[in-house]
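A.B. asks: Got a structure for you, query.txt, holding compact mmCIF, C-alpha atoms.
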# COMPACT_ATOMS: atom_id res chain seq x y z
CA GLU A 444 101.74 29.53 -16.57
CA THR A 445 98.66 30.12 -18.66
CA GLY A 446 99.76 28.33 -21.80
CA VAL A 447 99.96 31.58 -23.77
CA THR A 448 103.43 33.07 -24.11
CA GLN A 449 104.17 36.54 -25.40
CA THR A 450 107.55 37.95 -26.39
CA PRO A 451 109.08 40.34 -25.81
CA ARG A 452 107.67 41.37 -22.46
CA HIS A 453 108.90 44.94 -22.90
CA LEU A 454 109.62 46.91 -26.05
CA VAL A 455 110.76 50.45 -26.61
CA MET A 456 110.74 51.71 -30.15
CA GLY A 457 111.01 54.92 -32.07
CA MET A 458 108.29 56.09 -34.39
CA THR A 459 110.25 55.06 -37.46
CA ASN A 460 111.15 51.56 -36.26
CA LYS A 461 109.64 48.29 -37.36
CA LYS A 462 109.17 45.60 -34.76
CA SER A 463 107.04 42.52 -34.20
CA LEU A 464 105.23 41.08 -31.21
CA LYS A 465 104.94 37.33 -30.93
CA CYS A 466 102.33 35.17 -29.27
CA GLU A 467 102.39 31.40 -28.94
CA GLN A 468 99.76 29.19 -27.35
CA HIS A 469 100.18 25.61 -26.18
CA LEU A 470 96.53 24.93 -25.41
CA GLY A 471 95.42 23.36 -28.67
CA HIS A 472 93.16 26.31 -29.43
CA ASN A 473 92.23 27.51 -32.87
CA ALA A 474 91.20 31.08 -32.17
CA MET A 475 93.63 33.83 -31.24
CA TYR A 476 93.17 37.47 -30.37
CA TRP A 477 95.10 40.71 -30.00
CA TYR A 478 93.96 43.27 -27.44
CA LYS A 479 95.27 46.71 -26.57
CA GLN A 480 95.17 47.84 -22.96
CA SER A 481 95.71 51.54 -22.38
CA ALA A 482 95.63 53.24 -19.02
CA LYS A 483 92.13 53.88 -17.69
CA LYS A 484 90.43 52.47 -20.80
CA PRO A 485 88.62 49.19 -21.34
CA LEU A 486 90.49 46.47 -23.13
CA GLU A 487 90.18 47.02 -26.85
CA LEU A 488 89.84 44.05 -29.14
CA MET A 489 92.06 44.57 -32.19
CA PHE A 490 92.09 41.40 -34.26
CA VAL A 491 90.65 37.90 -34.16
CA TYR A 492 91.84 34.85 -36.04
CA ASN A 493 89.93 31.59 -36.26
CA PHE A 494 91.72 28.65 -37.88
CA LYS A 495 94.35 31.09 -39.21
CA GLU A 496 91.73 33.23 -40.94
CA GLN A 497 91.21 36.80 -39.79
CA THR A 498 87.60 37.19 -38.71
CA GLU A 499 87.76 40.55 -37.03
CA ASN A 500 89.59 43.79 -37.61
CA ASN A 501 88.22 46.29 -35.16
CA SER A 502 89.05 49.40 -37.19
CA VAL A 503 92.70 49.14 -36.32
CA PRO A 504 95.11 51.52 -38.10
CA SER A 505 97.20 49.95 -40.83
CA ARG A 506 100.41 50.59 -38.91
CA PHE A 507 99.40 47.45 -37.00
CA SER A 508 99.61 44.36 -39.18
CA PRO A 509 98.68 40.95 -37.78
CA GLU A 510 99.89 37.61 -39.05
CA CYS A 511 98.72 34.13 -38.09
CA PRO A 512 100.85 31.47 -39.83
CA ASN A 513 99.22 28.63 -37.88
CA SER A 514 96.76 28.15 -35.05
CA SER A 515 99.51 28.23 -32.43
CA HIS A 516 101.26 31.43 -33.42
CA LEU A 517 100.15 35.01 -33.80
CA PHE A 518 102.25 38.03 -34.65
CA LEU A 519 101.62 41.75 -34.57
CA HIS A 520 103.90 43.67 -36.89
CA LEU A 521 104.42 47.29 -35.96
CA HIS A 522 105.65 50.14 -38.14
CA THR A 523 105.65 53.93 -37.91
CA LEU A 524 103.80 53.89 -34.63
CA GLN A 525 102.69 56.95 -32.72
CA PRO A 526 103.29 57.75 -29.05
CA GLU A 527 99.59 57.14 -28.34
CA ASP A 528 100.14 53.53 -29.38
CA SER A 529 102.11 53.00 -26.18
CA ALA A 530 100.15 50.39 -24.22
CA LEU A 531 100.08 46.82 -23.01
CA TYR A 532 99.34 44.47 -25.89
CA LEU A 533 97.71 41.26 -24.83
CA CYS A 534 97.30 38.07 -26.77
CA ALA A 535 94.60 35.54 -25.98
CA SER A 536 93.43 32.22 -27.32
CA SER A 537 90.27 30.14 -27.09
CA GLN A 538 88.60 27.16 -28.64
CA ASP A 539 87.67 27.64 -32.28
CA LEU A 540 84.72 29.85 -32.97
CA THR A 541 82.35 27.60 -34.85
CA SER A 542 78.75 27.05 -33.97
CA GLY A 543 76.86 29.82 -32.28
CA GLY A 544 76.22 27.88 -29.12
CA ILE A 545 79.87 27.39 -28.48
CA LYS A 546 81.06 30.88 -29.32
CA ALA A 547 79.65 32.56 -26.29
CA LYS A 548 80.96 29.98 -23.88
CA ASN A 549 84.53 30.22 -25.00
CA ILE A 550 86.92 31.15 -22.28
CA GLN A 551 89.79 33.26 -23.46
CA TYR A 552 93.20 32.58 -21.98
CA PHE A 553 95.61 35.47 -21.95
CA GLY A 554 99.32 35.92 -22.14
CA ALA A 555 101.25 38.28 -19.86
CA GLY A 556 101.40 40.94 -22.54
CA THR A 557 104.04 43.10 -24.18
CA ARG A 558 104.50 46.53 -22.64
CA LEU A 559 105.17 48.81 -25.61
CA SER A 560 106.59 52.29 -25.35
CA VAL A 561 106.76 54.43 -28.47
CA LEU A 562 109.13 57.36 -28.23
CA ALA Y 224 74.17 47.96 -26.92
CA GLN Y 225 76.10 45.84 -24.49
CA LYS Y 226 77.98 47.53 -21.71
CA VAL Y 227 79.77 46.58 -18.51
CA THR Y 228 80.23 49.08 -15.73
CA GLN Y 229 82.64 48.72 -12.86
CA ALA Y 230 82.07 51.90 -10.94
CA GLN Y 231 84.78 51.27 -8.37
CA THR Y 232 88.06 52.41 -9.87
CA GLU Y 233 90.19 51.50 -6.88
CA ILE Y 234 89.56 49.89 -3.51
CA SER Y 235 91.96 49.58 -0.61
CA VAL Y 236 91.37 47.20 2.26
CA VAL Y 237 93.40 45.85 5.11
CA GLU Y 238 94.33 42.20 5.02
CA LYS Y 239 91.60 39.86 6.32
CA GLU Y 240 88.83 42.27 5.49
CA ASP Y 241 86.05 41.19 3.14
CA VAL Y 242 85.66 43.18 -0.05
CA THR Y 243 83.02 43.23 -2.79
CA LEU Y 244 83.71 44.31 -6.33
CA ASP Y 245 80.68 45.52 -8.23
CA CYS Y 246 79.77 44.76 -11.82
CA VAL Y 247 76.68 46.02 -13.60
CA TYR Y 248 75.95 45.01 -17.16
CA GLU Y 249 73.59 46.00 -19.93
CA THR Y 250 72.37 43.72 -22.67
CA ARG Y 251 69.18 43.22 -24.60
CA ASP Y 252 69.83 39.53 -25.06
CA THR Y 253 68.19 36.88 -22.93
CA THR Y 254 71.15 34.52 -23.30
CA TYR Y 255 74.57 35.79 -22.36
CA TYR Y 256 77.66 34.89 -20.39
CA LEU Y 257 79.46 36.82 -17.71
CA PHE Y 258 83.08 36.48 -16.67
CA TRP Y 259 85.49 37.70 -14.06
CA TYR Y 260 89.22 37.95 -14.71
CA LYS Y 261 92.08 38.89 -12.41
CA GLN Y 262 95.08 40.83 -13.70
CA PRO Y 263 98.00 40.68 -11.25
CA PRO Y 264 101.01 42.96 -11.67
CA SER Y 265 102.61 40.39 -13.95
CA GLY Y 266 100.10 41.39 -16.62
CA GLU Y 267 98.20 38.33 -17.76
CA LEU Y 268 94.47 38.16 -17.26
CA VAL Y 269 93.60 35.09 -15.25
CA PHE Y 270 90.18 33.53 -15.75
CA LEU Y 271 88.19 33.25 -12.51
CA ILE Y 272 84.61 32.37 -13.38
CA ARG Y 273 82.07 32.10 -16.18
CA ARG Y 274 78.31 32.29 -15.54
CA ASN Y 275 75.48 31.95 -18.00
CA SER Y 276 72.32 34.00 -17.84
CA PHE Y 277 70.13 31.04 -16.95
CA ASP Y 278 72.01 30.12 -13.82
CA GLU Y 279 71.41 32.55 -11.00
CA GLN Y 280 72.84 30.34 -8.31
CA ASN Y 281 75.53 32.02 -6.34
CA GLU Y 282 78.90 30.35 -6.51
CA ILE Y 283 81.62 29.96 -3.97
CA SER Y 284 85.18 28.92 -4.62
CA GLY Y 285 87.35 29.05 -1.55
CA ARG Y 286 87.52 32.69 -0.44
CA TYR Y 287 85.83 33.86 -3.65
CA SER Y 288 82.09 34.12 -4.13
CA TRP Y 289 79.90 35.56 -6.84
CA ASN Y 290 76.41 36.99 -6.58
CA PHE Y 291 74.52 37.05 -9.87
CA GLN Y 292 71.23 38.95 -9.85
CA LYS Y 293 69.41 39.37 -13.16
CA SER Y 294 66.83 41.67 -11.57
CA THR Y 295 69.51 44.28 -11.00
CA SER Y 296 71.80 43.21 -13.88
CA SER Y 297 74.63 42.73 -11.48
CA PHE Y 298 77.35 40.14 -11.08
CA ASN Y 299 79.28 41.08 -7.97
CA PHE Y 300 82.42 39.43 -6.70
CA THR Y 301 83.31 39.07 -3.04
CA ILE Y 302 86.66 38.13 -1.59
CA THR Y 303 86.45 36.94 1.99
CA ALA Y 304 89.38 37.41 4.34
CA SER Y 305 91.43 39.22 1.73
CA GLN Y 306 95.15 38.59 1.38
CA VAL Y 307 97.97 40.67 -0.03
CA VAL Y 308 98.17 38.27 -2.98
CA ASP Y 309 94.66 39.31 -3.95
CA SER Y 310 96.01 42.71 -4.94
CA ALA Y 311 95.31 43.04 -8.65
CA VAL Y 312 93.01 44.62 -11.17
CA TYR Y 313 89.77 42.71 -11.57
CA PHE Y 314 87.75 42.80 -14.78
CA CYS Y 315 84.15 41.86 -15.36
CA ALA Y 316 83.18 40.93 -18.92
CA LEU Y 317 80.10 40.04 -20.92
CA ILE Y 318 79.56 38.00 -24.06
CA ASP Y 319 76.21 38.07 -25.73
CA THR Y 320 74.91 35.48 -28.13
CA SER Y 321 73.62 37.80 -30.80
CA GLY Y 322 76.11 36.50 -33.32
CA THR Y 323 79.28 37.99 -31.88
CA TYR Y 324 81.85 36.39 -29.67
CA LYS Y 325 83.32 39.64 -28.43
CA TYR Y 326 84.08 40.14 -24.81
CA ILE Y 327 82.77 43.44 -23.53
CA PHE Y 328 85.07 44.36 -20.68
CA GLY Y 329 84.51 46.79 -17.86
CA THR Y 330 87.23 49.28 -17.03
CA GLY Y 331 88.40 47.18 -14.11
CA THR Y 332 88.69 47.69 -10.37
CA ARG Y 333 92.11 47.94 -8.82
CA LEU Y 334 92.17 46.18 -5.45
CA LYS Y 335 94.94 46.94 -3.00
CA VAL Y 336 95.18 44.71 0.03
CA LEU Y 337 97.41 46.19 2.68
CA ALA Y 338 99.29 44.08 5.18
Is it possible to express this structure as structure tokens?
C.D. replies:
Amino acid sequence: ETGVTQTPRHLVMGMTNKKSLKCEQHLGHNAMYWYKQSAKKPLELMFVYNFKEQTENNSVPSRFSPECPNSSHLFLHLHTLQPEDSALYLCASSQDLTSGGIKAKNIQYFGAGTRLSVL
Amino acid sequence: AQKVTQAQTEISVVEKEDVTLDCVYETRDTTYYLFWYKQPPSGELVFLIRRNSFDEQNEISGRYSWNFQKSTSSFNFTITASQVVDSAVYFCALIDTSGTYKYIFGTGTRLKVLA
């Protein structure tokens, strides 16, 4: 139990579907992240939220839409995805990203991921 | 640019053998942090260790040990007397302090420990 819970664990969707991934953290953190993990590729940072504000969008296509209603919850809304979007989507959280000295020390805690298959 | 290289894609060992996972990093910063994470089949990345660039002392935690050498830009991870439960993908990561908090991950090393 890492304190970061992702649902669903598995998702199969067609290219015309709309679905959402959910992430919830119980660690009292204020920063949350979405990563994409594809086979044989490094983890790709997608989005970062700090105190509910998006601070990073790593050139992610608009068919991925994040939402962070509060510091404990993070969603990734999916629509009209492509087969190449099939991957493991990981959520992580860390202490808030404030002063520069703290940023680099932050340990990110990960959820178990959602395995997404786009048909 | 920052980069982390884990040249070993997959390693197989027999239980009780020692195994070392290599990590080589590139950064122009003098202050940075290095991490190791374990990803078991269940999927979540589990934090193992964080090391800052000013602390070159090797660290041991049970069967795990880490060798940090700035001269060769390496941060290698050794598992002593490996066990089947050690089977996982292991990731090395780097954060620099040049104004970004991004983790730069390596591609991971898949370790298979055979009974």
A.B. asks: If we count all atoms listed in the file and set the cut-off at 10 Å, which residues sit around segment 261-266 of chain Y, ignoring sequence neighbours fewer than 2 positions away in its own chain? Please answer as a PyMOL selection string.
C.D. replies: (chain A and resi 452+531-533+553-558) or (chain Y and resi 259+268-272+308-315+331-334)
A.B. asks: Kindly export the residues of the current selection with C-alpha atoms, as a compact mmCIF listing (two decimals), in the frame of the given file.
C.D. replies:
# COMPACT_ATOMS: atom_id res chain seq x y z
CA ARG A 452 107.67 41.37 -22.46
CA LEU A 531 100.08 46.82 -23.01
CA TYR A 532 99.34 44.47 -25.89
CA LEU A 533 97.71 41.26 -24.83
CA PHE A 553 95.61 35.47 -21.95
CA GLY A 554 99.32 35.92 -22.14
CA ALA A 555 101.25 38.28 -19.86
CA GLY A 556 101.40 40.94 -22.54
CA THR A 557 104.04 43.10 -24.18
CA ARG A 558 104.50 46.53 -22.64
CA TRP Y 259 85.49 37.70 -14.06
CA LEU Y 268 94.47 38.16 -17.26
CA VAL Y 269 93.60 35.09 -15.25
CA PHE Y 270 90.18 33.53 -15.75
CA LEU Y 271 88.19 33.25 -12.51
CA ILE Y 272 84.61 32.37 -13.38
CA VAL Y 308 98.17 38.27 -2.98
CA ASP Y 309 94.66 39.31 -3.95
CA SER Y 310 96.01 42.71 -4.94
CA ALA Y 311 95.31 43.04 -8.65
CA VAL Y 312 93.01 44.62 -11.17
CA TYR Y 313 89.77 42.71 -11.57
CA PHE Y 314 87.75 42.80 -14.78
CA CYS Y 315 84.15 41.86 -15.36
CA GLY Y 331 88.40 47.18 -14.11
CA THR Y 332 88.69 47.69 -10.37
CA ARG Y 333 92.11 47.94 -8.82
CA LEU Y 334 92.17 46.18 -5.45
A.B. asks: What are the residues of chain Y lining chain A at 10 Å or less? Count all atoms listed in the file, and put the answer as a PDB file with C-alpha atoms, in the coordinates of the input.
C.D. replies:
ATOM      1  CA  VAL Y 227      79.770  46.580 -18.510  1.00  0.00           C
ATOM      2  CA  THR Y 232      88.060  52.410  -9.870  1.00  0.00           C
ATOM      3  CA  THR Y 254      71.150  34.520 -23.300  1.00  0.00           C
ATOM      4  CA  TYR Y 255      74.570  35.790 -22.360  1.00  0.00           C
ATOM      5  CA  TYR Y 256      77.660  34.890 -20.390  1.00  0.00           C
ATOM      6  CA  LEU Y 257      79.460  36.820 -17.710  1.00  0.00           C
ATOM      7  CA  PHE Y 258      83.080  36.480 -16.670  1.00  0.00           C
ATOM      8  CA  TYR Y 260      89.220  37.950 -14.710  1.00  0.00           C
ATOM      9  CA  GLN Y 262      95.080  40.830 -13.700  1.00  0.00           C
ATOM     10  CA  PRO Y 263      98.000  40.680 -11.250  1.00  0.00           C
ATOM     11  CA  PRO Y 264     101.010  42.960 -11.670  1.00  0.00           C
ATOM     12  CA  SER Y 265     102.610  40.390 -13.950  1.00  0.00           C
ATOM     13  CA  GLY Y 266     100.100  41.390 -16.620  1.00  0.00           C
ATOM     14  CA  GLU Y 267      98.200  38.330 -17.760  1.00  0.00           C
ATOM     15  CA  LEU Y 268      94.470  38.160 -17.260  1.00  0.00           C
ATOM     16  CA  VAL Y 269      93.600  35.090 -15.250  1.00  0.00           C
ATOM     17  CA  PHE Y 270      90.180  33.530 -15.750  1.00  0.00           C
ATOM     18  CA  ILE Y 272      84.610  32.370 -13.380  1.00  0.00           C
ATOM     19  CA  ARG Y 273      82.070  32.100 -16.180  1.00  0.00           C
ATOM     20  CA  ARG Y 274      78.310  32.290 -15.540  1.00  0.00           C
ATOM     21  CA  ASN Y 275      75.480  31.950 -18.000  1.00  0.00           C
ATOM     22  CA  PHE Y 314      87.750  42.800 -14.780  1.00  0.00           C
ATOM     23  CA  LEU Y 317      80.100  40.040 -20.920  1.00  0.00           C
ATOM     24  CA  ILE Y 318      79.560  38.000 -24.060  1.00  0.00           C
ATOM     25  CA  ASP Y 319      76.210  38.070 -25.730  1.00  0.00           C
ATOM     26  CA  THR Y 320      74.910  35.480 -28.130  1.00  0.00           C
ATOM     27  CA  SER Y 321      73.620  37.800 -30.800  1.00  0.00           C
ATOM     28  CA  GLY Y 322      76.110  36.500 -33.320  1.00  0.00           C
ATOM     29  CA  THR Y 323      79.280  37.990 -31.880  1.00  0.00           C
ATOM     30  CA  TYR Y 324      81.850  36.390 -29.670  1.00  0.00           C
ATOM     31  CA  LYS Y 325      83.320  39.640 -28.430  1.00  0.00           C
ATOM     32  CA  TYR Y 326      84.080  40.140 -24.810  1.00  0.00           C
ATOM     33  CA  ILE Y 327      82.770  43.440 -23.530  1.00  0.00           C
ATOM     34  CA  PHE Y 328      85.070  44.360 -20.680  1.00  0.00           C
ATOM     35  CA  GLY Y 329      84.510  46.790 -17.860  1.00  0.00           C
ATOM     36  CA  THR Y 330      87.230  49.280 -17.030  1.00  0.00           C
ATOM     37  CA  GLY Y 331      88.400  47.180 -14.110  1.00  0.00           C
TER      38      GLY Y 331
END
A.B. asks: Please put the answer as AutoDock Vina command-line options: centre and edge lengths, in Å with one decimal, of a box along x, y and z that encloses all listed atoms of segment 508-514 of chain A plus 6 Å on each side.
C.D. replies:
--center_x 98.8 --center_y 36.3 --center_z -37.4 --size_x 16.1 --size_y 28.2 --size_z 16.8
A.B. asks: Show me the residues around (98.9, 56.7, -30.3) - criterion: an atom at most 12 Å away, all atoms listed in the file counted - as a tab-separated table (two decimals) with C-alpha atoms, in the frame of the given file.
C.D. replies:
chain	number	residue	atom	x	y	z
A	458	MET	CA	108.29	56.09	-34.39
A	479	LYS	CA	95.27	46.71	-26.57
A	481	SER	CA	95.71	51.54	-22.38
A	503	VAL	CA	92.70	49.14	-36.32
A	504	PRO	CA	95.11	51.52	-38.10
A	506	ARG	CA	100.41	50.59	-38.91
A	507	PHE	CA	99.40	47.45	-37.00
A	523	THR	CA	105.65	53.93	-37.91
A	524	LEU	CA	103.80	53.89	-34.63
A	525	GLN	CA	102.69	56.95	-32.72
A	526	PRO	CA	103.29	57.75	-29.05
A	527	GLU	CA	99.59	57.14	-28.34
A	528	ASP	CA	100.14	53.53	-29.38
A	529	SER	CA	102.11	53.00	-26.18
A	530	ALA	CA	100.15	50.39	-24.22
A	559	LEU	CA	105.17	48.81	-25.61
A	560	SER	CA	106.59	52.29	-25.35
A	561	VAL	CA	106.76	54.43	-28.47
A	562	LEU	CA	109.13	57.36	-28.23
A.B. asks: Extract, using all atoms listed in the file, all DNA, RNA and protein residues at most 7 Å from Ser515 of chain A, discarding same-chain residues fewer than 6 positions from it, and format them as a PyMOL selection string.
C.D. replies: chain A and resi 467-469
A.B. asks: Which neighbours of Leu464 of chain A fall inside 7 Å, counting only C-alpha atoms, when residues of the same chain fewer than 6 positions from it are skipped, and could you give them as a list in words?
C.D. replies: Thr450, Pro451, Phe518, Leu519 and His520 of chain A
A.B. asks: Return segment 480-499 of chain A, completed with N, CA and C atoms, as a PDB file, keeping the file's coordinate frame.
C.D. replies:
ATOM      1  N   GLN A 480      95.598  47.339 -24.262  1.00  0.00           N
ATOM      2  CA  GLN A 480      95.170  47.840 -22.960  1.00  0.00           C
ATOM      3  C   GLN A 480      95.897  49.139 -22.662  1.00  0.00           C
ATOM      4  N   SER A 481      95.161  50.224 -22.720  1.00  0.00           N
ATOM      5  CA  SER A 481      95.710  51.540 -22.380  1.00  0.00           C
ATOM      6  C   SER A 481      95.233  51.922 -20.991  1.00  0.00           C
ATOM      7  N   ALA A 482      95.966  52.819 -20.385  1.00  0.00           N
ATOM      8  CA  ALA A 482      95.630  53.240 -19.020  1.00  0.00           C
ATOM      9  C   ALA A 482      94.218  53.807 -18.965  1.00  0.00           C
ATOM     10  N   LYS A 483      93.463  53.343 -17.987  1.00  0.00           N
ATOM     11  CA  LYS A 483      92.130  53.880 -17.690  1.00  0.00           C
ATOM     12  C   LYS A 483      91.131  53.726 -18.839  1.00  0.00           C
ATOM     13  N   LYS A 484      91.372  52.763 -19.715  1.00  0.00           N
ATOM     14  CA  LYS A 484      90.430  52.470 -20.800  1.00  0.00           C
ATOM     15  C   LYS A 484      90.115  50.994 -20.794  1.00  0.00           C
ATOM     16  N   PRO A 485      88.928  50.619 -21.251  1.00  0.00           N
ATOM     17  CA  PRO A 485      88.620  49.190 -21.340  1.00  0.00           C
ATOM     18  C   PRO A 485      89.544  48.502 -22.340  1.00  0.00           C
ATOM     19  N   LEU A 486      89.722  47.222 -22.157  1.00  0.00           N
ATOM     20  CA  LEU A 486      90.490  46.470 -23.130  1.00  0.00           C
ATOM     21  C   LEU A 486      89.843  46.605 -24.499  1.00  0.00           C
ATOM     22  N   GLU A 487      90.673  46.850 -25.485  1.00  0.00           N
ATOM     23  CA  GLU A 487      90.180  47.020 -26.850  1.00  0.00           C
ATOM     24  C   GLU A 487      90.570  45.818 -27.692  1.00  0.00           C
ATOM     25  N   LEU A 488      89.573  45.142 -28.226  1.00  0.00           N
ATOM     26  CA  LEU A 488      89.840  44.050 -29.140  1.00  0.00           C
ATOM     27  C   LEU A 488      90.357  44.631 -30.452  1.00  0.00           C
ATOM     28  N   MET A 489      91.482  44.078 -30.935  1.00  0.00           N
ATOM     29  CA  MET A 489      92.060  44.570 -32.190  1.00  0.00           C
ATOM     30  C   MET A 489      91.776  43.615 -33.343  1.00  0.00           C
ATOM     31  N   PHE A 490      92.203  42.392 -33.179  1.00  0.00           N
ATOM     32  CA  PHE A 490      92.090  41.400 -34.260  1.00  0.00           C
ATOM     33  C   PHE A 490      91.679  40.048 -33.674  1.00  0.00           C
ATOM     34  N   VAL A 491      90.993  39.267 -34.516  1.00  0.00           N
ATOM     35  CA  VAL A 491      90.650  37.900 -34.160  1.00  0.00           C
ATOM     36  C   VAL A 491      90.976  37.001 -35.339  1.00  0.00           C
ATOM     37  N   TYR A 492      91.578  35.872 -35.033  1.00  0.00           N
ATOM     38  CA  TYR A 492      91.840  34.850 -36.040  1.00  0.00           C
ATOM     39  C   TYR A 492      91.175  33.556 -35.583  1.00  0.00           C
ATOM     40  N   ASN A 493      90.536  32.886 -36.524  1.00  0.00           N
ATOM     41  CA  ASN A 493      89.930  31.590 -36.260  1.00  0.00           C
ATOM     42  C   ASN A 493      90.429  30.633 -37.335  1.00  0.00           C
ATOM     43  N   PHE A 494      91.103  29.578 -36.921  1.00  0.00           N
ATOM     44  CA  PHE A 494      91.720  28.650 -37.880  1.00  0.00           C
ATOM     45  C   PHE A 494      92.563  29.419 -38.902  1.00  0.00           C
ATOM     46  N   LYS A 495      93.379  30.303 -38.426  1.00  0.00           N
ATOM     47  CA  LYS A 495      94.350  31.090 -39.210  1.00  0.00           C
ATOM     48  C   LYS A 495      93.706  32.152 -40.088  1.00  0.00           C
ATOM     49  N   GLU A 496      92.394  32.229 -40.111  1.00  0.00           N
ATOM     50  CA  GLU A 496      91.730  33.230 -40.940  1.00  0.00           C
ATOM     51  C   GLU A 496      91.311  34.418 -40.061  1.00  0.00           C
ATOM     52  N   GLN A 497      91.596  35.617 -40.548  1.00  0.00           N
ATOM     53  CA  GLN A 497      91.210  36.800 -39.790  1.00  0.00           C
ATOM     54  C   GLN A 497      89.692  36.977 -39.885  1.00  0.00           C
ATOM     55  N   THR A 498      89.049  37.043 -38.745  1.00  0.00           N
ATOM     56  CA  THR A 498      87.600  37.190 -38.710  1.00  0.00           C
ATOM     57  C   THR A 498      87.168  38.518 -38.136  1.00  0.00           C
ATOM     58  N   GLU A 499      88.114  39.263 -37.624  1.00  0.00           N
ATOM     59  CA  GLU A 499      87.760  40.550 -37.030  1.00  0.00           C
ATOM     60  C   GLU A 499      88.927  41.504 -37.145  1.00  0.00           C
TER      61      GLU A 499
END
